[in-house]
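J.: Enclosed is the structure file entry20.json (JSON, C-alpha atoms).
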```
[["chain", "number", "residue", "atom", "x", "y", "z"],
["A", 1, "LEU", "CA", 24.51, 112.39, 116.34],
["A", 2, "ASP", "CA", 23.99, 116.12, 115.83],
["A", 3, "CYS", "CA", 24.62, 118.28, 118.85],
["A", 4, "SER", "CA", 26.40, 121.61, 118.56],
["A", 5, "ARG", "CA", 27.15, 121.80, 122.31],
["A", 6, "LEU", "CA", 28.77, 118.39, 122.50],
["A", 7, "THR", "CA", 32.22, 118.40, 124.15],
["A", 8, "ASP", "CA", 35.15, 116.00, 124.30],
["A", 9, "ARG", "CA", 33.88, 114.71, 127.66],
["A", 10, "GLY", "CA", 30.48, 113.91, 126.18],
["A", 11, "VAL", "CA", 32.06, 112.05, 123.27],
["A", 12, "ALA", "CA", 34.21, 110.07, 125.73],
["A", 13, "ALA", "CA", 31.18, 109.04, 127.82],
["A", 14, "PHE", "CA", 29.16, 108.11, 124.72],
["A", 15, "CYS", "CA", 31.95, 106.10, 123.09],
["A", 16, "LYS", "CA", 32.80, 104.21, 126.26],
["A", 17, "GLU", "CA", 29.21, 102.98, 126.53],
["A", 18, "LEU", "CA", 28.32, 102.30, 122.89],
["A", 19, "GLY", "CA", 31.52, 102.58, 120.91],
["A", 20, "THR", "CA", 32.01, 98.86, 120.21],
["A", 21, "HIS", "CA", 28.53, 98.63, 118.61],
["A", 22, "LEU", "CA", 28.78, 101.65, 116.29],
["A", 23, "THR", "CA", 29.33, 101.30, 112.56],
["A", 24, "GLN", "CA", 28.20, 104.82, 111.58],
["A", 25, "LEU", "CA", 28.75, 108.06, 113.47],
["A", 26, "ALA", "CA", 28.05, 111.67, 112.49],
["A", 27, "LEU", "CA", 29.27, 114.56, 114.65],
["A", 28, "VAL", "CA", 28.31, 117.52, 112.46],
["A", 29, "ASP", "CA", 28.94, 121.18, 113.42],
["A", 30, "CYS", "CA", 30.23, 120.30, 116.89],
["A", 31, "LYS", "CA", 32.44, 123.35, 117.33],
["A", 32, "ALA", "CA", 33.62, 122.41, 120.84],
["A", 33, "LEU", "CA", 35.29, 119.15, 119.77],
["A", 34, "THR", "CA", 39.07, 118.85, 119.46],
["A", 35, "ASP", "CA", 41.60, 116.26, 118.34],
["A", 36, "TYR", "CA", 41.10, 114.54, 121.69],
["A", 37, "SER", "CA", 37.66, 113.40, 120.51],
["A", 38, "GLY", "CA", 39.28, 111.80, 117.46],
["A", 39, "MET", "CA", 41.64, 109.87, 119.72],
["A", 40, "ILE", "CA", 38.69, 108.70, 121.86],
["A", 41, "ILE", "CA", 36.72, 107.57, 118.78],
["A", 42, "GLY", "CA", 39.77, 105.67, 117.53],
["A", 43, "ASN", "CA", 40.22, 103.90, 120.86],
["A", 44, "PHE", "CA", 36.58, 102.89, 121.49],
["A", 45, "CYS", "CA", 34.86, 102.70, 118.08],
["A", 46, "CYS", "CA", 36.98, 100.10, 116.32],
["A", 47, "ARG", "CA", 34.06, 98.81, 114.16],
["A", 48, "LEU", "CA", 33.23, 102.14, 112.49],
["A", 49, "ARG", "CA", 32.65, 102.15, 108.73],
["A", 50, "GLU", "CA", 31.44, 105.71, 108.21],
["A", 51, "LEU", "CA", 32.44, 108.78, 110.21],
["A", 52, "ASP", "CA", 31.29, 112.35, 109.57],
["A", 53, "LEU", "CA", 33.16, 115.15, 111.34],
["A", 54, "SER", "CA", 32.07, 117.95, 109.02],
["A", 55, "GLY", "CA", 31.91, 121.54, 110.24],
["A", 56, "CYS", "CA", 33.64, 120.99, 113.57],
["A", 57, "GLY", "CA", 36.47, 123.36, 112.71],
["A", 58, "ASN", "CA", 38.98, 122.41, 115.40],
["A", 59, "PHE", "CA", 40.22, 119.12, 113.96],
["A", 60, "SER", "CA", 43.71, 118.81, 112.46],
["A", 61, "ASP", "CA", 45.77, 116.11, 110.78],
["A", 62, "ALA", "CA", 46.30, 114.63, 114.25],
["A", 63, "VAL", "CA", 42.74, 113.29, 114.25],
["A", 64, "VAL", "CA", 43.42, 111.39, 111.00],
["A", 65, "HIS", "CA", 46.64, 109.99, 112.46],
["A", 66, "SER", "CA", 44.68, 108.85, 115.55],
["A", 67, "LEU", "CA", 41.86, 107.19, 113.59],
["A", 68, "ALA", "CA", 43.77, 105.46, 110.78],
["A", 69, "PRO", "CA", 45.85, 102.94, 112.81],
["A", 70, "ARG", "CA", 42.90, 101.95, 115.05],
["A", 71, "ILE", "CA", 39.95, 101.83, 112.60],
["A", 72, "SER", "CA", 41.48, 99.98, 109.66],
["A", 73, "CYS", "CA", 38.06, 99.02, 108.20],
["A", 74, "LEU", "CA", 36.93, 102.64, 107.75],
["A", 75, "THR", "CA", 35.35, 103.26, 104.35],
["A", 76, "THR", "CA", 34.04, 106.84, 104.61],
["A", 77, "LEU", "CA", 35.45, 109.86, 106.40],
["A", 78, "ARG", "CA", 34.04, 113.38, 105.97],
["A", 79, "LEU", "CA", 36.11, 116.32, 107.21],
["A", 80, "ASP", "CA", 34.57, 119.32, 105.40],
["A", 81, "GLY", "CA", 34.86, 122.60, 107.27],
["A", 82, "ASN", "CA", 38.07, 121.66, 109.12],
["A", 83, "ARG", "CA", 40.66, 124.09, 107.78],
["A", 84, "ASN", "CA", 43.58, 122.44, 109.57],
["A", 85, "ILE", "CA", 43.11, 119.15, 107.69],
["A", 86, "THR", "CA", 45.56, 118.83, 104.78],
["A", 87, "THR", "CA", 45.52, 116.57, 101.76],
["A", 88, "LYS", "CA", 49.05, 115.45, 102.60],
["A", 89, "GLY", "CA", 47.92, 114.25, 106.01],
["A", 90, "LEU", "CA", 45.11, 112.23, 104.36],
["A", 91, "LEU", "CA", 47.26, 110.66, 101.64],
["A", 92, "VAL", "CA", 49.73, 109.23, 104.17],
["A", 93, "HIS", "CA", 47.34, 106.47, 105.32],
["A", 94, "ILE", "CA", 45.82, 105.34, 102.00],
["A", 95, "ASP", "CA", 46.83, 101.75, 101.08],
["A", 96, "LYS", "CA", 48.67, 101.46, 104.38],
["A", 97, "GLU", "CA", 46.56, 101.51, 107.52],
["A", 98, "LEU", "CA", 43.39, 102.20, 105.49],
["A", 99, "GLU", "CA", 43.18, 99.55, 102.75],
["A", 100, "PHE", "CA", 39.60, 100.11, 101.58],
["A", 101, "VAL", "CA", 39.50, 103.87, 100.94],
["A", 102, "GLU", "CA", 40.58, 106.42, 98.39],
["A", 103, "MET", "CA", 40.56, 110.20, 98.31],
["A", 104, "ALA", "CA", 36.98, 111.47, 98.02],
["A", 105, "THR", "CA", 36.07, 113.74, 95.11],
["A", 106, "LYS", "CA", 32.87, 115.26, 96.55],
["A", 107, "TRP", "CA", 34.12, 116.08, 100.07],
["A", 108, "LEU", "CA", 37.32, 116.41, 102.07],
["A", 109, "GLY", "CA", 38.27, 112.99, 103.35],
["A", 110, "TYR", "CA", 37.94, 109.40, 102.22],
["A", 111, "SER", "CA", 35.40, 107.37, 100.28],
["A", 112, "ALA", "CA", 35.14, 103.64, 99.69],
["A", 113, "LYS", "CA", 37.11, 102.10, 96.84],
["A", 114, "GLY", "CA", 35.12, 101.01, 93.80],
["A", 115, "ASN", "CA", 31.34, 100.90, 93.81],
["A", 116, "LYS", "CA", 29.91, 100.99, 97.30],
["A", 117, "HIS", "CA", 26.72, 99.18, 96.29],
["A", 118, "ASP", "CA", 28.31, 96.10, 94.69],
["A", 119, "GLY", "CA", 29.36, 94.77, 98.08],
["A", 120, "GLY", "CA", 33.01, 94.29, 97.11],
["A", 121, "VAL", "CA", 34.45, 96.45, 99.91],
["A", 122, "GLU", "CA", 32.14, 94.99, 102.53],
["A", 123, "LYS", "CA", 33.12, 91.51, 101.42],
["A", 124, "LEU", "CA", 36.81, 92.37, 101.73],
["A", 125, "ILE", "CA", 36.20, 93.89, 105.15],
["A", 126, "ALA", "CA", 34.31, 90.77, 106.26],
["A", 127, "GLU", "CA", 37.16, 88.59, 105.01],
["A", 128, "LYS", "CA", 39.68, 90.76, 106.85],
["A", 129, "GLU", "CA", 37.66, 90.62, 110.07],
["A", 130, "ALA", "CA", 37.36, 86.84, 109.72],
["A", 131, "LEU", "CA", 41.12, 86.64, 109.17],
["A", 132, "VAL", "CA", 41.72, 88.81, 112.24],
["A", 133, "ARG", "CA", 39.43, 86.60, 114.33],
["A", 134, "GLU", "CA", 41.19, 83.48, 113.07],
["A", 135, "LYS", "CA", 44.53, 85.06, 113.86],
["A", 136, "GLN", "CA", 43.36, 86.00, 117.36],
["A", 137, "SER", "CA", 42.08, 82.45, 117.89],
["A", 138, "ALA", "CA", 45.39, 81.01, 116.66],
["A", 139, "VAL", "CA", 47.31, 83.37, 118.95],
["A", 140, "LYS", "CA", 45.07, 82.37, 121.86],
["A", 141, "ILE", "CA", 45.62, 78.66, 121.16],
["A", 142, "GLN", "CA", 49.37, 79.24, 120.85],
["A", 143, "SER", "CA", 49.32, 81.13, 124.12],
["A", 144, "ILE", "CA", 47.51, 78.25, 125.84],
["A", 145, "ILE", "CA", 49.97, 75.71, 124.42],
["A", 146, "ARG", "CA", 52.96, 77.87, 125.37],
["A", 147, "ARG", "CA", 51.51, 78.28, 128.83],
["A", 148, "LYS", "CA", 51.15, 74.51, 129.23],
["A", 149, "PHE", "CA", 54.73, 73.93, 128.05],
["A", 150, "ALA", "CA", 55.93, 76.76, 130.27],
["A", 151, "LEU", "CA", 54.13, 75.21, 133.25],
["A", 152, "ARG", "CA", 55.68, 71.82, 132.50],
["A", 153, "ILE", "CA", 59.12, 73.37, 132.26],
["A", 154, "TYR", "CA", 58.48, 75.36, 135.44],
["A", 155, "TRP", "CA", 57.37, 72.31, 137.44],
["A", 156, "ALA", "CA", 60.29, 70.26, 136.08],
["A", 157, "ARG", "CA", 62.72, 72.97, 137.15],
["A", 158, "TYR", "CA", 60.88, 73.31, 140.46],
["A", 159, "ARG", "CA", 61.19, 69.57, 141.16],
["A", 160, "SER", "CA", 64.84, 69.62, 140.13],
["A", 161, "ARG", "CA", 65.56, 72.56, 142.41],
["A", 162, "LEU", "CA", 63.57, 70.91, 145.19],
["A", 163, "LEU", "CA", 65.53, 67.65, 144.88],
["A", 164, "ASN", "CA", 68.97, 69.15, 144.24],
["A", 165, "VAL", "CA", 68.93, 72.35, 146.27],
["A", 166, "VAL", "CA", 66.07, 72.79, 148.74],
["A", 167, "ILE", "CA", 65.90, 69.28, 150.24],
["A", 168, "PRO", "CA", 69.73, 68.92, 150.60],
["A", 169, "TRP", "CA", 69.84, 72.40, 152.16],
["A", 170, "PHE", "CA", 67.06, 71.47, 154.60],
["A", 171, "GLN", "CA", 68.71, 68.14, 155.41],
["A", 172, "ALA", "CA", 72.03, 69.88, 155.99],
["A", 173, "HIS", "CA", 70.36, 72.36, 158.34],
["A", 174, "VAL", "CA", 68.58, 69.56, 160.22],
["A", 175, "ARG", "CA", 71.82, 67.58, 160.51],
["A", 176, "GLY", "CA", 73.61, 70.71, 161.66],
["A", 177, "TYR", "CA", 70.92, 71.40, 164.26],
["A", 178, "ILE", "CA", 71.11, 67.81, 165.57],
["A", 179, "GLN", "CA", 74.91, 67.91, 165.67],
["A", 180, "ARG", "CA", 74.88, 71.25, 167.48],
["A", 181, "LYS", "CA", 72.38, 69.88, 169.97],
["A", 182, "ARG", "CA", 74.52, 66.78, 170.56],
["A", 183, "PHE", "CA", 77.63, 68.96, 170.87],
["A", 184, "ARG", "CA", 75.89, 71.13, 173.49],
["A", 185, "ILE", "CA", 74.88, 68.01, 175.44],
["A", 186, "ILE", "CA", 78.44, 66.62, 175.29],
["A", 187, "LEU", "CA", 79.88, 70.02, 176.19],
["A", 188, "ASN", "CA", 77.55, 70.26, 179.20],
["A", 189, "ARG", "CA", 78.64, 66.80, 180.31],
["A", 190, "ILE", "CA", 82.31, 67.72, 179.94],
["A", 191, "LEU", "CA", 81.73, 70.92, 181.91],
["A", 192, "LYS", "CA", 79.93, 68.98, 184.64],
["A", 193, "ILE", "CA", 82.78, 66.44, 184.81],
["A", 194, "ARG", "CA", 85.34, 69.23, 185.00],
["A", 195, "MET", "CA", 83.36, 71.01, 187.71],
["A", 196, "ALA", "CA", 83.01, 67.74, 189.64],
["A", 197, "ALA", "CA", 86.78, 67.13, 189.30],
["A", 198, "LYS", "CA", 87.53, 70.67, 190.51],
["A", 199, "ILE", "CA", 85.15, 70.24, 193.45],
["A", 200, "ALA", "CA", 86.67, 66.84, 194.34],
["A", 201, "ASN", "CA", 90.18, 68.24, 194.08],
["A", 202, "ALA", "CA", 89.27, 71.22, 196.25],
["A", 203, "PHE", "CA", 87.65, 68.91, 198.79],
["A", 204, "ARG", "CA", 90.74, 66.69, 198.89],
["A", 205, "VAL", "CA", 92.97, 69.73, 199.41],
["A", 206, "PHE", "CA", 90.66, 71.00, 202.14],
["A", 207, "ALA", "CA", 90.56, 67.60, 203.83],
["A", 208, "ALA", "CA", 94.34, 67.25, 203.69],
["A", 209, "ARG", "CA", 94.77, 70.72, 205.11],
["A", 210, "GLN", "CA", 92.32, 70.02, 207.93],
["A", 211, "LYS", "CA", 94.14, 66.77, 208.67],
["A", 212, "ARG", "CA", 97.50, 68.58, 208.84],
["A", 213, "LEU", "CA", 96.03, 71.28, 211.07],
["A", 214, "SER", "CA", 94.51, 68.67, 213.36],
["A", 215, "LYS", "CA", 97.85, 66.87, 213.60],
["A", 216, "ILE", "CA", 99.67, 70.12, 214.35],
["A", 217, "ARG", "CA", 97.13, 71.00, 217.10],
["A", 218, "LYS", "CA", 97.50, 67.54, 218.59],
["A", 219, "GLN", "CA", 101.30, 67.85, 218.62],
["A", 220, "ARG", "CA", 101.07, 71.28, 220.23],
["A", 221, "GLN", "CA", 98.71, 69.96, 222.91],
["A", 222, "GLU", "CA", 101.05, 67.05, 223.65],
["A", 223, "THR", "CA", 104.03, 69.41, 223.86],
["A", 224, "LEU", "CA", 102.09, 71.73, 226.17],
["A", 225, "ILE", "CA", 101.07, 68.82, 228.43],
["A", 226, "ILE", "CA", 104.66, 67.62, 228.64],
["A", 227, "LYS", "CA", 105.84, 71.10, 229.63],
["A", 228, "CYS", "CA", 103.12, 71.37, 232.25],
["A", 229, "VAL", "CA", 104.07, 67.96, 233.71],
["A", 230, "ARG", "CA", 107.72, 68.99, 233.96],
["A", 231, "VAL", "CA", 106.85, 72.22, 235.74],
["A", 232, "ILE", "CA", 104.66, 70.33, 238.23],
["A", 233, "GLN", "CA", 107.43, 67.81, 238.91],
["A", 234, "ARG", "CA", 109.91, 70.57, 239.67],
["A", 235, "VAL", "CA", 107.57, 72.15, 242.14]]
```
Transcribe the structure of this file into structure tokens.

T.:
Amino acid sequence: LDCSRLTDRGVAAFCKELGTHLTQLALVDCKALTDYSGMIIGNFCCRLRELDLSGCGNFSDAVVHSLAPRISCLTTLRLDGNRNITTKGLLVHIDKELEFVEMATKWLGYSAKGNKHDGGVEKLIAEKEALVREKQSAVKIQSIIRRKFALRIYWARYRSRLLNVVIPWFQAHVRGYIQRKRFRIILNRILKIRMAAKIANAFRVFAARQKRLSKIRKQRQETLIIKCVRVIQRV
């Protein structure tokens, strides 16, 4: 891809759409690109084998540090015309993150180890990719197995908690509710009995008082009649 007006935003849009399918990419004399483009390429173009960033001018060692950990199968990297790239920054990643490269003699950057046309590097890369896929499959299977065991443990703990904590707690609350309801019924009965006793007692007191008052009135009437009879007899 040769476009002198290409910017970091254009590289981001391009890599997001096609990055996973790219094995070769050339961004030559793109003066507007910065280290941010290198970070984007590292994040989205993980299958790159050859990358040419010659003549861009704005790249520094940061772009190498962004690419090396993410594109471990890189075999060719051209960085001619980038004055901020140092040999020290390139040497750091050889035989570490980048296993299949060595310092290039004809340009600034990396070249494939050994003879590129004998297929040795490509074979090693294919073996590494196969190993990575096998490792990912093994990790996926382990994750599925762990998930199954975790679910079993979870449901066992859930049943145990349900039987030993939740159900006894619910039963205790139900028993408490029933006992409180019975207590309220008994308390209402006791209150009714007490009220009935108070009413009966008050009625008895009232009746006794009325009886005494009636007796006193009767005695007074008899006394008054006797006095009246005596006065009439005297007359």

J.: Would you please work out which residue, of A:Leu67, A:Ile167, A:Leu79, A:Ile199, is nearest to A:Glu97 when using all atoms listed in the file?

T.: A:Leu67

J.: I'd like the neighbourhood of A:Ile71 as a PyMOL selection string, where a residue qualifies if any of its atoms comes within 8 Å (using only C-alpha atoms), though same-chain residues fewer than 6 positions away should be ignored.

T.: chain A and resi 42+45-48+98

J.: If you measure from atom CA of A:Gly81 to atom CA of A:Gly57, what distance in Å do you get, rounded to one decimal?

T.: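 Value for the atom CA of A:Gly81-atom CA of A:Gly57 distance: 5.7 Å.
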
J.: Counting all atoms listed in the file, which residues have an atom no more than 7 Å from (41.8, 110.9, 117.3) in the file's coordinates? Please list them as a list of chain:residue names.

T.: A:Asp35, A:Tyr36, A:Ser37, A:Gly38, A:Met39, A:Ile40, A:Ile41, A:Gly42, A:Ala62, A:Val63, A:Val64, A:His65, A:Ser66, A:Leu67

J.: Write to file, as a JSON list (two decimals), in the coordinates of the input, the residues of the selection just made, with C-alpha atoms.

T.:
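Contents of part-v3.json, as written:
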```json
[["chain", "number", "residue", "atom", "x", "y", "z"],
["A", 35, "ASP", "CA", 41.60, 116.26, 118.34],
["A", 36, "TYR", "CA", 41.10, 114.54, 121.69],
["A", 37, "SER", "CA", 37.66, 113.40, 120.51],
["A", 38, "GLY", "CA", 39.28, 111.80, 117.46],
["A", 39, "MET", "CA", 41.64, 109.87, 119.72],
["A", 40, "ILE", "CA", 38.69, 108.70, 121.86],
["A", 41, "ILE", "CA", 36.72, 107.57, 118.78],
["A", 42, "GLY", "CA", 39.77, 105.67, 117.53],
["A", 62, "ALA", "CA", 46.30, 114.63, 114.25],
["A", 63, "VAL", "CA", 42.74, 113.29, 114.25],
["A", 64, "VAL", "CA", 43.42, 111.39, 111.00],
["A", 65, "HIS", "CA", 46.64, 109.99, 112.46],
["A", 66, "SER", "CA", 44.68, 108.85, 115.55],
["A", 67, "LEU", "CA", 41.86, 107.19, 113.59]]
```

J.: Quick one: of A:Gln179, A:Thr76, A:Ser160, A:Gln171, who's nearest to A:Glu99, counting all atoms listed in the file?

T.: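 Of all the options, A:Thr76 lies closest to A:Glu99.
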
J.: Any idea what's packed within 10 Å of A:Arg78, counting only C-alpha atoms, ignoring anything in its chain fewer than 2 positions away? Could you give it as JSON, numbers by chain?

T.: {"A": [26, 27, 28, 50, 51, 52, 53, 54, 55, 76, 80, 81, 82, 104, 106, 107, 108, 109, 110, 111]}

J.: At what distance in Å, to one decimal, does atom CA of A:Tyr154 lie from atom CA of A:Gln136?

T.: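 These two atoms are separated by 25.9 Å.
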